[in-house]
Each structure stands twice: as C-alpha cells, then as structure tokens.
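Trainee: What follows is input.csv, CSV, C-alpha atoms.
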chain,number,residue,atom,x,y,z
A,1,MET,CA,-3.3,25.4,6.5
A,2,ASN,CA,0.3,26.6,5.9
A,3,HIS,CA,2.8,24.6,3.9
A,4,ILE,CA,4.7,23.4,7.0
A,5,ASP,CA,1.5,21.8,8.2
A,6,LYS,CA,1.0,20.2,4.8
A,7,ILE,CA,4.5,18.8,4.8
A,8,LYS,CA,3.9,17.4,8.3
A,9,ALA,CA,0.7,15.8,7.1
A,10,LEU,CA,2.5,14.1,4.2
A,11,GLN,CA,5.3,13.0,6.6
A,12,LYS,CA,2.7,11.5,8.9
A,13,LYS,CA,1.1,9.6,6.0
A,14,ALA,CA,4.4,8.3,5.0
A,15,GLY,CA,5.2,7.0,8.5
A,16,ILE,CA,8.2,9.2,9.1
A,17,PRO,CA,8.7,11.8,11.9
A,18,ALA,CA,6.4,14.7,11.2
A,19,ASP,CA,8.8,17.6,11.9
A,20,GLY,CA,8.0,19.7,8.8
A,21,ILE,CA,11.7,19.5,7.7
A,22,VAL,CA,12.1,18.7,4.0
A,23,SER,CA,14.8,16.1,3.3
A,24,SER,CA,15.5,13.4,0.8
A,25,LYS,CA,13.6,11.0,3.1
A,26,ILE,CA,10.3,12.7,2.4
A,27,TRP,CA,10.8,12.7,-1.3
A,28,LEU,CA,11.7,9.0,-1.3
A,29,ASN,CA,8.5,8.3,0.6
A,30,ILE,CA,6.3,10.5,-1.5
A,31,HIS,CA,7.7,8.8,-4.6
A,32,TYR,CA,6.8,5.5,-3.1
A,33,LEU,CA,3.3,6.7,-2.3
A,34,LEU,CA,2.8,7.9,-5.8
A,35,PHE,CA,4.5,5.2,-7.8
A,36,GLY,CA,4.5,2.2,-5.5
A,37,SER,CA,8.3,1.8,-5.9
A,38,VAL,CA,11.7,3.2,-5.0
A,39,PRO,CA,13.1,5.5,-7.7
A,40,TYR,CA,15.8,4.1,-9.9
A,41,ASP,CA,17.7,7.4,-9.8
A,42,ILE,CA,18.0,8.5,-6.2
A,43,ASN,CA,19.3,11.9,-7.0
A,44,VAL,CA,16.9,14.2,-5.1
A,45,ASP,CA,16.5,16.7,-8.0
A,46,SER,CA,15.5,13.7,-10.3
A,47,ILE,CA,13.1,12.4,-7.7
A,48,ILE,CA,11.4,15.8,-7.3
A,49,LYS,CA,11.1,16.2,-11.1
A,50,ALA,CA,9.6,12.8,-11.5
A,51,ILE,CA,7.1,13.6,-8.7
A,52,GLN,CA,6.3,16.9,-10.3
A,53,LYS,CA,5.8,15.4,-13.7
A,54,LYS,CA,3.5,12.8,-12.2
A,55,ILE,CA,1.3,15.4,-10.5
A,56,LYS,CA,1.4,17.6,-13.5
A,57,VAL,CA,3.1,20.7,-12.1
A,58,ARG,CA,6.2,22.5,-13.4
A,59,ALA,CA,8.9,19.8,-13.3
A,60,ASP,CA,11.9,21.9,-12.4
A,61,GLY,CA,13.2,20.0,-9.4
A,62,TYR,CA,12.4,22.9,-7.1
A,63,PRO,CA,9.7,22.1,-4.4
A,64,TRP,CA,7.8,25.3,-4.7
A,65,ASN,CA,4.4,25.9,-3.0
A,66,LYS,CA,2.4,24.6,-5.9
A,67,THR,CA,4.1,21.2,-5.6
A,68,TRP,CA,3.1,20.9,-1.9
A,69,ASP,CA,-0.4,22.1,-2.5
A,70,VAL,CA,-1.0,19.5,-5.2
A,71,LEU,CA,0.6,16.7,-3.2
A,72,TYR,CA,-1.5,17.5,-0.1
A,73,GLU,CA,-4.6,17.7,-2.2
A,74,LEU,CA,-3.8,14.4,-4.0
A,75,LEU,CA,-2.5,12.3,-1.1
A,76,ILE,CA,-4.4,13.7,1.9
A,77,VAL,CA,-7.6,15.5,0.9
A,78,ASN,CA,-8.7,13.4,-2.1
A,79,GLU,CA,-8.1,10.1,-0.2
A,80,VAL,CA,-10.5,11.3,2.5
A,81,LYS,CA,-13.1,12.4,-0.1
A,82,ILE,CA,-12.9,9.1,-1.9
A,83,ALA,CA,-13.2,7.1,1.3
A,84,ASN,CA,-16.3,9.1,2.3
A,85,GLU,CA,-17.9,8.8,-1.2
A,86,LEU,CA,-17.4,5.0,-1.7
A,87,PRO,CA,-20.5,2.8,-1.3
A,88,VAL,CA,-20.0,0.7,1.8
A,89,ASP,CA,-19.5,-3.1,1.4
A,90,LEU,CA,-20.1,-4.4,4.9
A,91,HIS,CA,-17.7,-7.4,4.4
A,92,ASN,CA,-14.9,-5.3,3.1
A,93,LYS,CA,-15.5,-2.6,5.8
A,94,ALA,CA,-15.2,-5.3,8.5
A,95,ILE,CA,-12.0,-6.8,7.0
A,96,LEU,CA,-10.4,-3.4,6.4
A,97,LYS,CA,-11.0,-2.4,10.0
A,98,ASN,CA,-8.8,-5.3,11.2
A,99,MET,CA,-6.1,-5.2,8.6
A,100,THR,CA,-2.5,-4.0,9.2
A,101,LYS,CA,-2.6,-0.2,9.0
A,102,GLU,CA,0.1,0.0,6.3
A,103,VAL,CA,-1.9,-2.3,4.0
A,104,ILE,CA,-5.3,-0.6,4.3
A,105,PRO,CA,-4.7,2.2,1.8
A,106,PHE,CA,-3.5,-0.3,-0.8
A,107,ALA,CA,-6.5,-2.6,-0.3
A,108,LYS,CA,-8.9,0.4,-0.5
A,109,GLU,CA,-7.2,1.7,-3.7
A,110,LEU,CA,-7.5,-1.8,-5.3
A,111,ILE,CA,-11.2,-1.9,-4.4
A,112,ASN,CA,-11.6,1.5,-6.0
A,113,LEU,CA,-9.7,0.7,-9.2
A,114,ALA,CA,-11.6,-2.6,-9.6
A,115,ALA,CA,-14.9,-0.8,-9.2
A,116,ASP,CA,-13.9,1.7,-11.9
A,117,GLN,CA,-13.5,-1.3,-14.2
A,118,GLY,CA,-16.9,-2.6,-13.2
A,119,ILE,CA,-15.4,-5.5,-11.1
A,120,ASN,CA,-16.7,-6.2,-7.6
A,121,ILE,CA,-14.0,-7.6,-5.3
A,122,ARG,CA,-14.0,-8.9,-1.8
A,123,ILE,CA,-10.9,-8.6,0.4
A,124,MET,CA,-10.0,-11.7,2.4
A,125,GLU,CA,-7.3,-11.4,5.1
A,126,ASP,CA,-5.0,-14.2,6.0
A,127,ALA,CA,-6.1,-14.3,9.6
A,128,GLN,CA,-4.6,-17.7,10.2
A,129,ASN,CA,-1.0,-16.6,9.7
A,130,LYS,CA,-1.2,-13.0,10.9
A,131,LEU,CA,0.2,-12.4,14.3
A,132,ASN,CA,-1.0,-9.7,16.7
A,133,ALA,CA,1.3,-6.9,17.8
A,134,ALA,CA,2.2,-8.6,21.1
A,135,GLN,CA,3.1,-11.8,19.3
A,136,LEU,CA,5.3,-10.0,16.8
A,137,LYS,CA,7.0,-8.0,19.5
A,138,SER,CA,7.9,-11.2,21.4
A,139,ILE,CA,9.7,-12.8,18.5
A,140,LEU,CA,13.1,-13.8,19.8
A,141,PRO,CA,16.4,-12.8,18.0
A,142,ASN,CA,17.7,-15.4,15.6
A,143,THR,CA,14.3,-17.1,15.2
A,144,GLU,CA,13.2,-14.8,12.4
A,145,GLU,CA,13.6,-17.5,9.7
A,146,ARG,CA,10.5,-19.1,11.1
A,147,TYR,CA,8.3,-16.1,10.0
A,148,THR,CA,7.2,-14.6,6.7
A,149,ILE,CA,5.7,-11.4,5.4
A,150,TYR,CA,2.3,-13.0,6.0
A,151,ASN,CA,2.8,-13.0,9.7
A,152,PHE,CA,3.0,-9.2,9.6
A,153,GLY,CA,-0.3,-8.8,7.8
A,154,LEU,CA,1.3,-7.5,4.7
A,155,ALA,CA,-0.8,-9.8,2.4
A,156,PHE,CA,-4.4,-10.3,1.5
A,157,GLU,CA,-6.5,-12.4,-0.9
A,158,VAL,CA,-9.0,-11.0,-3.4
A,159,ASN,CA,-12.1,-12.8,-4.6
A,160,ILE,CA,-14.1,-11.6,-7.5
A,161,LEU,CA,-17.9,-11.4,-7.0
A,162,GLU,CA,-20.5,-11.9,-9.7
A,163,GLN,CA,-24.3,-11.8,-9.5
A,164,SER,CA,-26.0,-15.2,-9.1
A,165,ALA,CA,-29.3,-16.2,-10.7
A,166,ILE,CA,-31.1,-14.9,-7.6
A,167,ASP,CA,-29.2,-11.6,-7.8
A,168,GLU,CA,-26.9,-12.4,-4.9
A,169,PRO,CA,-23.2,-11.8,-5.1
A,170,ILE,CA,-21.2,-15.0,-5.1
A,171,ALA,CA,-17.4,-15.5,-5.2
A,172,LYS,CA,-16.0,-16.8,-8.5
A,173,PRO,CA,-12.9,-18.9,-7.8
A,174,ASN,CA,-12.2,-19.1,-11.6
A,175,SER,CA,-12.6,-15.9,-13.7
A,176,ALA,CA,-10.7,-14.2,-16.5
A,177,MET,CA,-11.1,-11.0,-14.5
A,178,TYR,CA,-8.3,-12.0,-12.1
A,179,LYS,CA,-5.9,-11.1,-14.8
A,180,LYS,CA,-7.2,-7.5,-14.7
A,181,ILE,CA,-7.1,-7.5,-10.9
A,182,ALA,CA,-3.5,-8.7,-10.9
A,183,LYS,CA,-2.5,-5.9,-13.2
A,184,LEU,CA,-4.4,-3.3,-11.2
A,185,GLY,CA,-2.7,-4.5,-8.0
A,186,GLU,CA,0.7,-4.5,-9.4
A,187,SER,CA,0.1,-0.9,-10.8
A,188,ILE,CA,-0.1,0.3,-7.2
A,189,GLY,CA,2.9,-1.6,-5.8
A,190,LEU,CA,1.4,-4.9,-4.8
A,191,THR,CA,2.8,-8.3,-5.9
A,192,TRP,CA,0.4,-10.9,-7.2
A,193,THR,CA,1.4,-14.4,-6.0
A,194,GLY,CA,-0.7,-16.4,-8.5
A,195,ASN,CA,0.1,-18.0,-11.8
A,196,LYS,CA,1.0,-15.1,-14.1
A,197,LYS,CA,0.9,-17.1,-17.3
A,198,ALA,CA,-2.7,-18.1,-16.8
A,199,ILE,CA,-4.4,-15.8,-14.2
A,200,THR,CA,-7.8,-17.2,-13.8
A,201,GLN,CA,-7.9,-18.0,-10.0
A,202,ALA,CA,-7.9,-16.1,-6.8
A,203,ALA,CA,-4.5,-15.6,-5.2
A,204,ASP,CA,-2.8,-13.4,-2.6
A,205,PHE,CA,-1.4,-9.9,-3.0
A,206,VAL,CA,1.7,-9.3,-1.1
A,207,LEU,CA,2.9,-5.8,-0.1
A,208,ARG,CA,6.7,-6.1,0.0
A,209,PRO,CA,8.2,-2.9,1.5
A,210,ALA,CA,10.2,-0.8,-1.0
A,211,TRP,CA,13.2,-0.8,1.3
A,212,ALA,CA,13.3,-4.6,1.2
A,213,VAL,CA,13.3,-5.1,-2.6
A,214,ARG,CA,16.9,-6.3,-2.7
A,215,MET,CA,16.9,-8.0,0.8
A,216,LYS,CA,16.9,-11.7,1.6
A,217,GLU,CA,13.6,-12.8,3.1
A,218,VAL,CA,15.1,-13.4,6.6
A,219,ASP,CA,16.8,-10.0,6.6
A,220,MET,CA,13.5,-8.4,5.7
A,221,VAL,CA,11.7,-10.2,8.5
A,222,LYS,CA,14.4,-9.1,11.0
A,223,GLU,CA,13.8,-5.5,10.0
A,224,LEU,CA,10.0,-5.9,10.2
A,225,CYS,CA,10.4,-7.4,13.7
A,226,ARG,CA,12.6,-4.4,14.7
A,227,ARG,CA,10.0,-2.0,13.4
A,228,LYS,CA,7.2,-3.7,15.2
A,229,LYS,CA,9.1,-3.7,18.5
A,230,GLU,CA,9.9,0.0,18.1
A,231,ASN,CA,6.5,1.0,16.7
A,232,ILE,CA,8.0,2.2,13.4
A,233,ASN,CA,5.9,2.2,10.2
A,234,LEU,CA,6.5,-1.0,8.3
A,235,LEU,CA,6.7,0.7,4.9
A,236,ALA,CA,8.5,3.9,5.6
A,237,ILE,CA,11.9,4.5,3.9
A,238,LEU,CA,14.1,5.5,6.8
Could the structure of this file be written out as structure tokens, please?
Mentor:
Amino acid sequence: MNHIDKIKALQKKAGIPADGIVSSKIWLNIHYLLFGSVPYDINVDSIIKAIQKKIKVRADGYPWNKTWDVLYELLIVNEVKIANELPVDLHNKAILKNMTKEVIPFAKELINLAADQGINIRIMEDAQNKLNAAQLKSILPNTEERYTIYNFGLAFEVNILEQSAIDEPIAKPNSAMYKKIAKLGESIGLTWTGNKKAITQAADFVLRPAWAVRMKEVDMVKELCRRKKENINLLAIL
C-alpha cells in the first residue's frame, strides 16, 4: 500500500473526504483520534509535532513517510488486530452492533482499557432516547431545542460486572471501580456524567464532538441535525 492509500484510509476513518490530499483538516482530525481533543495551538506545524511526539517519531513538523506509516499502523492496522483478538462478550457485541458508528470505537477502546485494568464492563445503550436515522433527518428547523446529544446516540452507560457466589457475572451498581472507569473514559475523550466527587455508581459517558466544545447545546444539536441529514460524520472536524 502506498502512502496516498494510507492517507485516504486515515481520512476515511476520520470521516472526511478520502481524497489523499494532505491539509490542516486531516491533522486536526488525526489529533482528535489520538488525543480525544482539539489542539490548543492550531498552528499546523505545532499539531504535526505534537502528533509525531505522541507516536514517537522524529518531531520536526514535517509529515515524512515514517509519520504516515506509524499513523496507519496505529490507527488502522492495530485497531483491526485488537478487535480480532479480543474475547467476545455476547452482550457487548450485540450492543456495539447497534450503536451509532461514531461511538463504537470509543466504546470498544473503553472495554479494552478496562480489561487491561482487570475490570469487566458491560456497555448499555440509551435506546429509549436514541432516534433512528429517519427520525433524525425529519427534525424540523427551529425545533432543535427539543433534542439532546442522547437522541443522536452519542452516549452510553457502563456497568461494572463482578463474579457472584455461583461464578456468574452480575452488575454492581455501587463500586469504587467506577472512579477508574470514569478516568479511563475521560482519557480517550469521553465525558463522565456522574458525581465526580464520589464516583461509586454507574453513569453515562457522553461523546461531545470536539468541534462543539465551545458551542451552546442548541447550536450543537442544529449542527448534528445538519450532519445527519447530509450523511456527514458526526465527529469530523470540517
């Protein structure tokens, strides 16, 4: 695979046009994929250097071939390998299958990170509030204030499982482990909605798009509606 193909694959993953053309847009999106946030310094050279430092290649601000090779390996190849190697939890597998596509990588990563800490978690989707694609596309202008990020499937709940006396996994609604889960989620760009002073109970994680960090809720919902209607990735930095 040549480097143009690798760039296109990274663009596709980021949800932006896969034209193989390198611009500030792809660097902003790669930064978001790696750090879970928009860079404070939006100078392109600074963004590239931060990315290169993160992936441990020469941080000179020049996107040489090694940079693309490592990014492709890290964000495309390794993600597929990890997904194939993970033990299958039938419940999580079923939930992930029906989740909003933009949220799935974050939910999978959280499951992996928790497993690395010896914590077994179960993903629960907010099916009651999530609207399907047709419903979202039919939202009328100037009615967006009725909706929230939950309606777009950009949120999910996590339950911690522990073994029971008969060796069956059961959900623990109260556990000190939720504090660890909250930190793990926030380390990859998710927002924990529970009590941050005393994290002992299950709560939702919300995936607020990086482009909406400084937006009012209603303005964010309007943009999410527009993206749904035009089939644009909900998280892509355009």
Trainee: Could you list, as a count of residues only, every residue within 9 Å of range 24-36 of chain A, counting all atoms listed in the file and ignoring same-chain residues fewer than 3 positions away?
Mentor: 29
Trainee: With all atoms listed in the file as the basis for distance, which of A:Lys130, A:Arg146, A:Lys180, A:Lys56 is at the shortest distance from Asp219 in chain A?
Mentor: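 Of the candidates, the smallest distance to Asp219 in chain A is held by A:Arg146.
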Trainee: Residues near Asn98 in chain A, anyone? I mean within 12 Å using all atoms listed in the file, not counting same-chain ones fewer than 5 positions away, as a PyMOL selection string.
Mentor: chain A and resi 91-93+103-104+123-127+130-132+153+156
Trainee: Pick out the closest residue to Asn120 in chain A from this set: A:Ala133, A:Val22, A:Ile160, A:Ala94. Count only C-alpha atoms.
Mentor: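 Checking each candidate against Asn120 in chain A, we get A:Ile160 as the closest.
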Trainee: So how far away is CA of Lys97 in chain A from CA of Trp211 in chain A, in Å?
Mentor: 25.8 Å
Trainee: Between CA of Ala203 in chain A and CA of Val158 in chain A, what is the distance, to one decimal in Å?
Mentor: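 Those two atoms sit 6.7 Å apart.
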Trainee: What does the distance between CA of Arg227 in chain A and CA of Lys8 in chain A come to in Å, to one decimal place?
Mentor: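 Spanning CA of Arg227 in chain A to CA of Lys8 in chain A is a straight-line distance of 21.0 Å.
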Trainee: Restricting the calculation to all atoms listed in the file, which member of A:Pro105, A:Lys53, A:Met99, A:Leu113 is positioned closest to Lys13 in chain A?
Mentor: A:Pro105
Trainee: Calculated over all atoms listed in the file, which of the candidates A:Ile4, A:Ile121, A:Asn151, A:Asn233 has the smallest distance to Gln135 in chain A?
Mentor: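 Nearest to Gln135 in chain A: A:Asn151.
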Trainee: Counting all atoms listed in the file, I want the residues whose atoms come within 10 Å of (11.3, -9.6, 19.7) in the file frame, returned as an MDAnalysis selection string.
Mentor: chainID A and resid 134:144 222 225:230
Trainee: Would you mind telling me which residue in A:Glu73, A:Gly61, A:Leu184, A:Leu154 lies nearest to Asn112 in chain A when using all atoms listed in the file?
Mentor: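 Closest candidate: A:Leu184.
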Trainee: So which one's closest to Leu96 in chain A, A:Arg122, A:Val38, A:Tyr72, A:Glu162? Using only C-alpha atoms, please.
Mentor: A:Arg122
